[in-house]
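Undergrad: Have a look at this one.
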Amino acid sequence: MSTRESLREAPTGEEPGRLLKIAIADYPAIMRAGIASLLSAQPDMEILAAGATADECLESLRALRRRTGVLLLVGLGIPGERGSLWLIRAVRDQFPSVPILACGANSDDLTVSQALFTGADGFVSKDVEPAVFVDSVRRAAGGEVVLAGVPDSWVGRIADNVERTVSTEPVLTQREVEVLAVAAEGLTARQIGHRLGVRERTVTTHLGRIYRKLGASGRIAALATASEFGVLALARHR
Amino acid sequence: MSEAEQIRVVIVDDHPMVREIIALACNERASLQVVGQAGDGWEALEKCELLHPDVVVLDLGLPGLSGFDVLLRLREQFPSTRVLIVSGRDDRAAVFESVRLGADGYLEKTGSVDEIAAAVEAVGQGTKVFSVDHRRSVHVELGDLIRRSREAASLAARLTRREREILDLLAWGLSTRLMASRLGVSERTAEAHTRSLYRKLGVRSGVQAVHRAAEMKLVKLVGSGQVGRLNR
């Protein structure tokens, strides 16, 4: 968790004439296609990849040789354990310089707060006018914090939510996250110990502490809570 | 325009001259009626209780209860009253805090009085009045807050249980000897944990440690002397 990246400090500043390359990860195919066609119609943008899953998106980013002028647009509706938050955290972790703009159709302030806290640089609602959507993408690519198509009252709510997250988020150490990630594969404590090169006893100690921190009664409950917070993203791709 | 349709305005500023000028500009508009004025925060709340205005024009730098405190209380007690901040401050933090606390508009005093009156009218009709620059300021500040929160969370994850306990006890103002006895460890051990806590927080004294932790919301300072960590 120590590698969690901050919002980028300074605007990256698009070089004039350079195309902004956009990777899109979003769940409903129609939505994805719509956004892709809207953005690819802009003279200064091109669609790098458009995928339905977080893994596809991560693969396409990994395949790039250079990642300057690349922006990730991620829909907040990608379901499952490797969903939107997982993707945001993974990209923030592995490609810290890539701006991430979250978007959503009916996202509530809590979801948006989580996305921002996890690593997104901004959020744009899918309800905004196309011109506003395109403008938001450009501004996010330029390093701005974007919040478009949401009521002004969300500023206060998001600030409160984020500060509350700091004080209530179950905090796991890097090692605990690793243990939990391996535990997610259904291995026994002995097998986990073997994998991580530690004693079985150490593993059970870690697991006990993890359960306590997450307020979980056992492994399944701990995994459910952890995936909800997106904390498993870190270890998986090491 | 009948009186019933007019937007009722209360003006809050500690300078009578400023209040008077804004009041004159407002009263020049048929849609606005200034029903009261207040020179400090407490008086502002009293006037609102009494007059139930539609719009409060609020200065931030007030004696006694600050403009932010007034805004917070107005939001709680009179949620339908709209608030237009008219301030001498032009810093991002002031704009952000105003928006965070629920202001409906923000103007700097450098603007013309007619601009203020027009903004009062707009706010009274339910429009939010923030300039493009102000909105941008708000987003930059929100981004900073999010970044600080991420850093705080990442730091919190690096603290050991003992270091967290030490932090709590420091916030209570306990000496090393008392901390050691409370934790059931030797003074040397308590000192070692304290040093390691200082190192992680990047501070050199207990007061700095508590201050830094409070900044990062790792400890919450409640009222006078009451301290409790949120992380439990």
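How things are named: the first chain in the structure tokens is A, the next is B, and so on; residues count from 1 in each chain; ligands count from 1 in the order shown.
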For Ser37 (chain A), please output as a list of chain:residue names all residues within 10 Å (counting only C-alpha atoms; exclusion window: fewer than 5 positions along the same chain).

TA: A:Met31, A:Arg32, A:Gln42, A:Glu46, A:Ile47

Undergrad: Would you list the contacts of Met179 (chain B) as a list in words, taking every protein, DNA or RNA residue within 10 Å and counting only C-alpha atoms, but skipping same-chain residues closer than 2 positions in sequence?

TA: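 In the requested format, the answer is Glu165, Ile166, Asp168, Leu169, Leu170, Trp172, Gly173, Leu174, Ser175, Thr176, Arg177, Ser181, Arg182, Leu183, Gly184, Val185, Ser186, Glu187, Ala190, Glu191 and Thr194 of chain B.
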
Undergrad: Residues within 9 Å of Leu61 (chain A), please, as a list in words. Count only C-alpha atoms; anything in the same chain fewer than 4 positions from it doesn't count.

TA: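 Near neighbours after the sequence-gap exclusion: Ala23, Leu48, Ala49, Glu56, Cys57, Arg65, Arg67, Val70, Leu72, Val91 and Phe95 of chain A.
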
Undergrad: Taking only C-alpha atoms into account, name the residue in A:Ala226, A:Leu207, A:Ala183, A:Leu147 that is nearest to chain B.

TA: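 Ranked by minimum distance to chain B, first place goes to A:Leu147.
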
Undergrad: Could you name the residues that touch Pro151 (chain A) at 12 Å or less, counting only C-alpha atoms, but leaving out those on the same chain fewer than 5 positions away, as a VMD selection string?

TA: (chain A and resid 108 to 109 124 to 125 128 156 to 158) or (chain B and resid 99 to 100 102 104 127 to 128 135)

Undergrad: Using only C-alpha atoms and a distance of at most 7 Å, pull out the residues of chain B that contact chain A, as an MDAnalysis selection string.

TA: chainID B and resid 99:102 139:140 142:143 146:147 149:150 152:154 157:158 217:218 230:231

Undergrad: Selected residues, C-alpha atoms, written as a PDB file, in the first residue's frame, please.

TA:
```
ATOM      1  CA  VAL B  99     -17.885  25.187  -1.489  1.00  0.00           C
ATOM      2  CA  ARG B 100     -17.204  22.276   0.819  1.00  0.00           C
ATOM      3  CA  LEU B 101     -19.412  23.798   3.480  1.00  0.00           C
ATOM      4  CA  GLY B 102     -22.197  24.371   0.967  1.00  0.00           C
ATOM      5  CA  HIS B 139     -10.923  20.966  -8.031  1.00  0.00           C
ATOM      6  CA  VAL B 140      -7.231  21.588  -7.432  1.00  0.00           C
ATOM      7  CA  LEU B 142      -9.954  18.633  -3.769  1.00  0.00           C
ATOM      8  CA  GLY B 143      -7.151  16.889  -5.644  1.00  0.00           C
ATOM      9  CA  ILE B 146      -7.281  13.354  -1.977  1.00  0.00           C
ATOM     10  CA  ARG B 147      -3.516  13.131  -2.389  1.00  0.00           C
ATOM     11  CA  SER B 149      -5.522  11.355   2.255  1.00  0.00           C
ATOM     12  CA  ARG B 150      -3.829   8.680   0.175  1.00  0.00           C
ATOM     13  CA  ALA B 152      -2.072   9.410   5.226  1.00  0.00           C
ATOM     14  CA  ALA B 153      -3.629   6.020   4.531  1.00  0.00           C
ATOM     15  CA  SER B 154      -0.361   4.686   3.228  1.00  0.00           C
ATOM     16  CA  ALA B 157      -0.621   1.179   7.016  1.00  0.00           C
ATOM     17  CA  ARG B 158       3.091   1.376   7.794  1.00  0.00           C
ATOM     18  CA  LYS B 217      -6.630  12.695  10.454  1.00  0.00           C
ATOM     19  CA  LEU B 218      -4.845   9.788  12.121  1.00  0.00           C
ATOM     20  CA  LEU B 230     -10.373   7.291  14.669  1.00  0.00           C
ATOM     21  CA  ASN B 231      -8.625   4.191  13.417  1.00  0.00           C
TER      22      ASN B 231
END
```

Undergrad: Please identify the strand (DSSP E) residues within chain B (assignment by DSSP from backbone atoms) and present them as a PyMOL selection string.

TA: chain B and resi 7-12+32-38+55-58+82-87+105-108+219-222+226-229

Undergrad: Take CA of Ala44 (chain B) and CA of Ser66 (chain B) and report the distance between them in Å, one decimal.

TA: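 So the two atoms, CA of Ala44 (chain B) and CA of Ser66 (chain B), lie 10.6 Å apart.
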
Undergrad: Could you name the residues that touch Tyr27 (chain A) at 7 Å or less, counting only C-alpha atoms, but leaving out those on the same chain fewer than 2 positions away, as a count of residues only?

TA: 6

Undergrad: What separation in Å, quoted to one decimal, exists between CA of Leu159 (chain B) and CA of Ile220 (chain A)?

TA: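 Interatomic distance, CA of Leu159 (chain B) to CA of Ile220 (chain A): 25.9 Å.
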
Undergrad: Excluding same-chain residues fewer than 4 positions from region 68-83 of chain B, what lies within 8 Å of it counting only C-alpha atoms, as a PyMOL selection string?

TA: chain B and resi 41-42+44-45+52-58+60+97-98+101-105+123-124

Undergrad: Save the residues we just selected, N, CA and C atoms, as an mmCIF file, in the first residue's frame?

TA:
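The result, written out as part.cif:
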```
data_model
loop_
_atom_site.group_PDB
_atom_site.id
_atom_site.type_symbol
_atom_site.label_atom_id
_atom_site.label_comp_id
_atom_site.auth_asym_id
_atom_site.auth_seq_id
_atom_site.Cartn_x
_atom_site.Cartn_y
_atom_site.Cartn_z
ATOM 1 N N GLY B 41 -20.514 37.305 13.430
ATOM 2 C CA GLY B 41 -21.084 35.989 13.183
ATOM 3 C C GLY B 41 -22.311 35.665 14.012
ATOM 4 N N TRP B 42 -22.237 35.972 15.305
ATOM 5 C CA TRP B 42 -23.373 35.644 16.179
ATOM 6 C C TRP B 42 -24.603 36.446 15.797
ATOM 7 N N ALA B 44 -25.242 37.559 12.929
ATOM 8 C CA ALA B 44 -25.741 37.016 11.663
ATOM 9 C C ALA B 44 -26.729 35.881 11.920
ATOM 10 N N LEU B 45 -26.378 34.990 12.838
ATOM 11 C CA LEU B 45 -27.259 33.859 13.151
ATOM 12 C C LEU B 45 -28.568 34.332 13.775
ATOM 13 N N HIS B 52 -35.496 34.943 8.655
ATOM 14 C CA HIS B 52 -35.572 33.894 7.633
ATOM 15 C C HIS B 52 -35.355 34.420 6.216
ATOM 16 N N PRO B 53 -34.183 34.962 5.945
ATOM 17 C CA PRO B 53 -33.929 35.515 4.609
ATOM 18 C C PRO B 53 -33.799 34.404 3.563
ATOM 19 N N ASP B 54 -33.961 34.792 2.296
ATOM 20 C CA ASP B 54 -33.732 33.838 1.202
ATOM 21 C C ASP B 54 -32.244 33.716 0.901
ATOM 22 N N VAL B 55 -31.558 34.872 1.007
ATOM 23 C CA VAL B 55 -30.127 34.900 0.699
ATOM 24 C C VAL B 55 -29.358 35.625 1.797
ATOM 25 N N VAL B 56 -28.240 35.043 2.211
ATOM 26 C CA VAL B 56 -27.335 35.742 3.120
ATOM 27 C C VAL B 56 -26.073 36.081 2.348
ATOM 28 N N VAL B 57 -25.698 37.358 2.352
ATOM 29 C CA VAL B 57 -24.420 37.770 1.774
ATOM 30 C C VAL B 57 -23.426 37.738 2.923
ATOM 31 N N LEU B 58 -22.410 36.862 2.803
ATOM 32 C CA LEU B 58 -21.572 36.580 3.967
ATOM 33 C C LEU B 58 -20.102 36.865 3.702
ATOM 34 N N LEU B 60 -16.175 36.452 4.965
ATOM 35 C CA LEU B 60 -15.496 35.354 5.664
ATOM 36 C C LEU B 60 -14.733 35.834 6.895
ATOM 37 N N GLU B 97 -13.066 25.725 0.850
ATOM 38 C CA GLU B 97 -13.770 25.527 2.120
ATOM 39 C C GLU B 97 -15.214 26.030 2.012
ATOM 40 N N SER B 98 -15.407 27.148 1.315
ATOM 41 C CA SER B 98 -16.759 27.682 1.138
ATOM 42 C C SER B 98 -17.643 26.689 0.392
ATOM 43 N N LEU B 101 -18.415 23.597 2.444
ATOM 44 C CA LEU B 101 -19.412 23.798 3.480
ATOM 45 C C LEU B 101 -20.788 24.139 2.902
ATOM 46 N N GLY B 102 -20.879 24.245 1.578
ATOM 47 C CA GLY B 102 -22.197 24.371 0.967
ATOM 48 C C GLY B 102 -22.604 25.764 0.525
ATOM 49 N N ALA B 103 -21.632 26.663 0.296
ATOM 50 C CA ALA B 103 -21.990 28.001 -0.198
ATOM 51 C C ALA B 103 -22.591 27.888 -1.598
ATOM 52 N N ASP B 104 -23.465 28.852 -1.943
ATOM 53 C CA ASP B 104 -24.108 28.827 -3.259
ATOM 54 C C ASP B 104 -23.396 29.714 -4.264
ATOM 55 N N GLY B 105 -22.459 30.521 -3.771
ATOM 56 C CA GLY B 105 -21.724 31.378 -4.683
ATOM 57 C C GLY B 105 -20.528 31.989 -3.984
ATOM 58 N N VAL B 123 -28.284 33.901 -7.157
ATOM 59 C CA VAL B 123 -28.284 32.913 -6.081
ATOM 60 C C VAL B 123 -29.699 32.739 -5.523
ATOM 61 N N GLY B 124 -30.403 33.878 -5.382
ATOM 62 C CA GLY B 124 -31.778 33.834 -4.882
ATOM 63 C C GLY B 124 -32.690 33.036 -5.790
#
```

Undergrad: Quick one: residues within 9 Å of Asn27 (chain B), only C-alpha atoms counted, chain neighbours fewer than 6 positions away excluded, as a ChimeraX atom specification?

TA: /B:33-34,117

Undergrad: Please give the complete set of residues from region 19-200 of chain B that DSSP, run on the backbone, assigns to alpha helix (DSSP H), formatted as a ChimeraX atom specification.

TA: /B:19-27,41-51,67-77,92-100,113-124,132-158,161-171,176-183,187-200

Undergrad: Write the selection just made, keeping C-alpha atoms, as a tab-separated table (two decimals), in the first residue's frame?

TA:
```tsv
chain	number	residue	atom	x	y	z
B	19	ARG	CA	-22.77	46.55	4.21
B	20	GLU	CA	-24.35	49.84	3.30
B	21	ILE	CA	-22.90	49.88	-0.22
B	22	ILE	CA	-24.03	46.32	-0.91
B	23	ALA	CA	-27.46	47.08	0.56
B	24	LEU	CA	-27.87	50.11	-1.69
B	25	ALA	CA	-26.92	48.14	-4.78
B	26	CYS	CA	-29.33	45.34	-3.84
B	27	ASN	CA	-32.22	47.66	-3.09
B	41	GLY	CA	-21.08	35.99	13.18
B	42	TRP	CA	-23.37	35.64	16.18
B	43	GLU	CA	-25.49	38.60	15.11
B	44	ALA	CA	-25.74	37.02	11.66
B	45	LEU	CA	-27.26	33.86	13.15
B	46	GLU	CA	-29.68	35.88	15.28
B	47	LYS	CA	-30.83	37.87	12.27
B	48	CYS	CA	-31.40	34.71	10.26
B	49	GLU	CA	-33.39	33.16	13.09
B	50	LEU	CA	-35.53	36.25	13.24
B	51	LEU	CA	-35.88	37.18	9.57
B	67	GLY	CA	-17.61	33.24	8.23
B	68	PHE	CA	-17.02	29.48	7.82
B	69	ASP	CA	-18.59	28.79	11.22
B	70	VAL	CA	-21.58	30.92	10.27
B	71	LEU	CA	-21.89	29.11	6.94
B	72	LEU	CA	-21.75	25.71	8.65
B	73	ARG	CA	-24.43	26.69	11.16
B	74	LEU	CA	-26.64	28.28	8.51
B	75	ARG	CA	-26.48	25.04	6.49
B	76	GLU	CA	-27.54	23.03	9.52
B	77	GLN	CA	-30.20	25.34	10.88
B	92	ARG	CA	-7.93	28.60	-3.25
B	93	ALA	CA	-8.35	27.28	0.27
B	94	ALA	CA	-11.03	29.87	1.07
B	95	VAL	CA	-13.00	29.08	-2.08
B	96	PHE	CA	-12.68	25.35	-1.51
B	97	GLU	CA	-13.77	25.53	2.12
B	98	SER	CA	-16.76	27.68	1.14
B	99	VAL	CA	-17.89	25.19	-1.49
B	100	ARG	CA	-17.20	22.28	0.82
B	113	VAL	CA	-21.16	46.29	-6.36
B	114	ASP	CA	-23.53	45.80	-9.25
B	115	GLU	CA	-21.87	42.45	-9.85
B	116	ILE	CA	-22.61	41.56	-6.24
B	117	ALA	CA	-26.25	42.57	-6.57
B	118	ALA	CA	-26.59	40.54	-9.77
B	119	ALA	CA	-25.05	37.56	-8.01
B	120	VAL	CA	-27.44	37.91	-5.05
B	121	GLU	CA	-30.32	37.84	-7.51
B	122	ALA	CA	-28.94	34.79	-9.32
B	123	VAL	CA	-28.28	32.91	-6.08
B	124	GLY	CA	-31.78	33.83	-4.88
B	132	VAL	CA	-14.45	29.23	-13.97
B	133	ASP	CA	-11.31	30.06	-11.97
B	134	HIS	CA	-13.06	29.39	-8.69
B	135	ARG	CA	-14.33	26.03	-9.87
B	136	ARG	CA	-10.84	25.15	-10.99
B	137	SER	CA	-9.46	26.19	-7.60
B	138	VAL	CA	-11.97	23.94	-5.91
B	139	HIS	CA	-10.92	20.97	-8.03
B	140	VAL	CA	-7.23	21.59	-7.43
B	141	GLU	CA	-7.82	21.77	-3.69
B	142	LEU	CA	-9.95	18.63	-3.77
B	143	GLY	CA	-7.15	16.89	-5.64
B	144	ASP	CA	-4.69	17.98	-2.95
B	145	LEU	CA	-6.99	16.71	-0.24
B	146	ILE	CA	-7.28	13.35	-1.98
B	147	ARG	CA	-3.52	13.13	-2.39
B	148	ARG	CA	-2.94	13.94	1.28
B	149	SER	CA	-5.52	11.36	2.25
B	150	ARG	CA	-3.83	8.68	0.18
B	151	GLU	CA	-0.51	9.52	1.79
B	152	ALA	CA	-2.07	9.41	5.23
B	153	ALA	CA	-3.63	6.02	4.53
B	154	SER	CA	-0.36	4.69	3.23
B	155	LEU	CA	1.47	5.99	6.29
B	156	ALA	CA	-1.19	4.57	8.60
B	157	ALA	CA	-0.62	1.18	7.02
B	158	ARG	CA	3.09	1.38	7.79
B	161	ARG	CA	0.28	-1.53	16.48
B	162	ARG	CA	2.72	-0.33	19.16
B	163	GLU	CA	3.44	2.87	17.24
B	164	ARG	CA	-0.27	3.56	16.95
B	165	GLU	CA	-0.69	3.03	20.67
B	166	ILE	CA	2.20	5.38	21.36
B	167	LEU	CA	0.59	7.96	19.08
B	168	ASP	CA	-2.65	7.73	21.03
B	169	LEU	CA	-0.88	8.09	24.33
B	170	LEU	CA	1.19	11.01	23.06
B	171	ALA	CA	-2.04	12.71	22.06
B	176	THR	CA	7.45	8.15	28.34
B	177	ARG	CA	7.38	6.59	31.79
B	178	LEU	CA	3.58	6.58	31.93
B	179	MET	CA	3.37	5.26	28.36
B	180	ALA	CA	5.73	2.44	29.26
B	181	SER	CA	3.70	1.44	32.29
B	182	ARG	CA	0.43	1.72	30.38
B	183	LEU	CA	1.77	-0.55	27.62
B	187	GLU	CA	10.90	2.77	29.23
B	188	ARG	CA	13.67	1.91	26.80
B	189	THR	CA	11.23	-0.03	24.63
B	190	ALA	CA	8.65	2.76	24.74
B	191	GLU	CA	11.38	5.19	23.72
B	192	ALA	CA	12.39	2.98	20.80
B	193	HIS	CA	8.78	2.80	19.54
B	194	THR	CA	8.45	6.55	19.95
B	195	ARG	CA	11.62	7.19	17.94
B	196	SER	CA	10.46	4.92	15.18
B	197	LEU	CA	7.06	6.64	15.16
B	198	TYR	CA	8.75	10.05	14.88
B	199	ARG	CA	10.86	8.79	12.00
B	200	LYS	CA	7.82	7.56	10.08
```

Undergrad: Just give me the gap between CA of Cys103 (chain A) and CA of Lys126 (chain A) in Å, one decimal is fine.

TA: 6.3 Å

Undergrad: Considering only C-alpha atoms, can you say which of A:Ala131, A:Val98, A:Ala184, A:Asn161 comes closest to Leu110 (chain A)?

TA: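 The shortest atom-to-atom distance to Leu110 (chain A) comes from A:Asn161.
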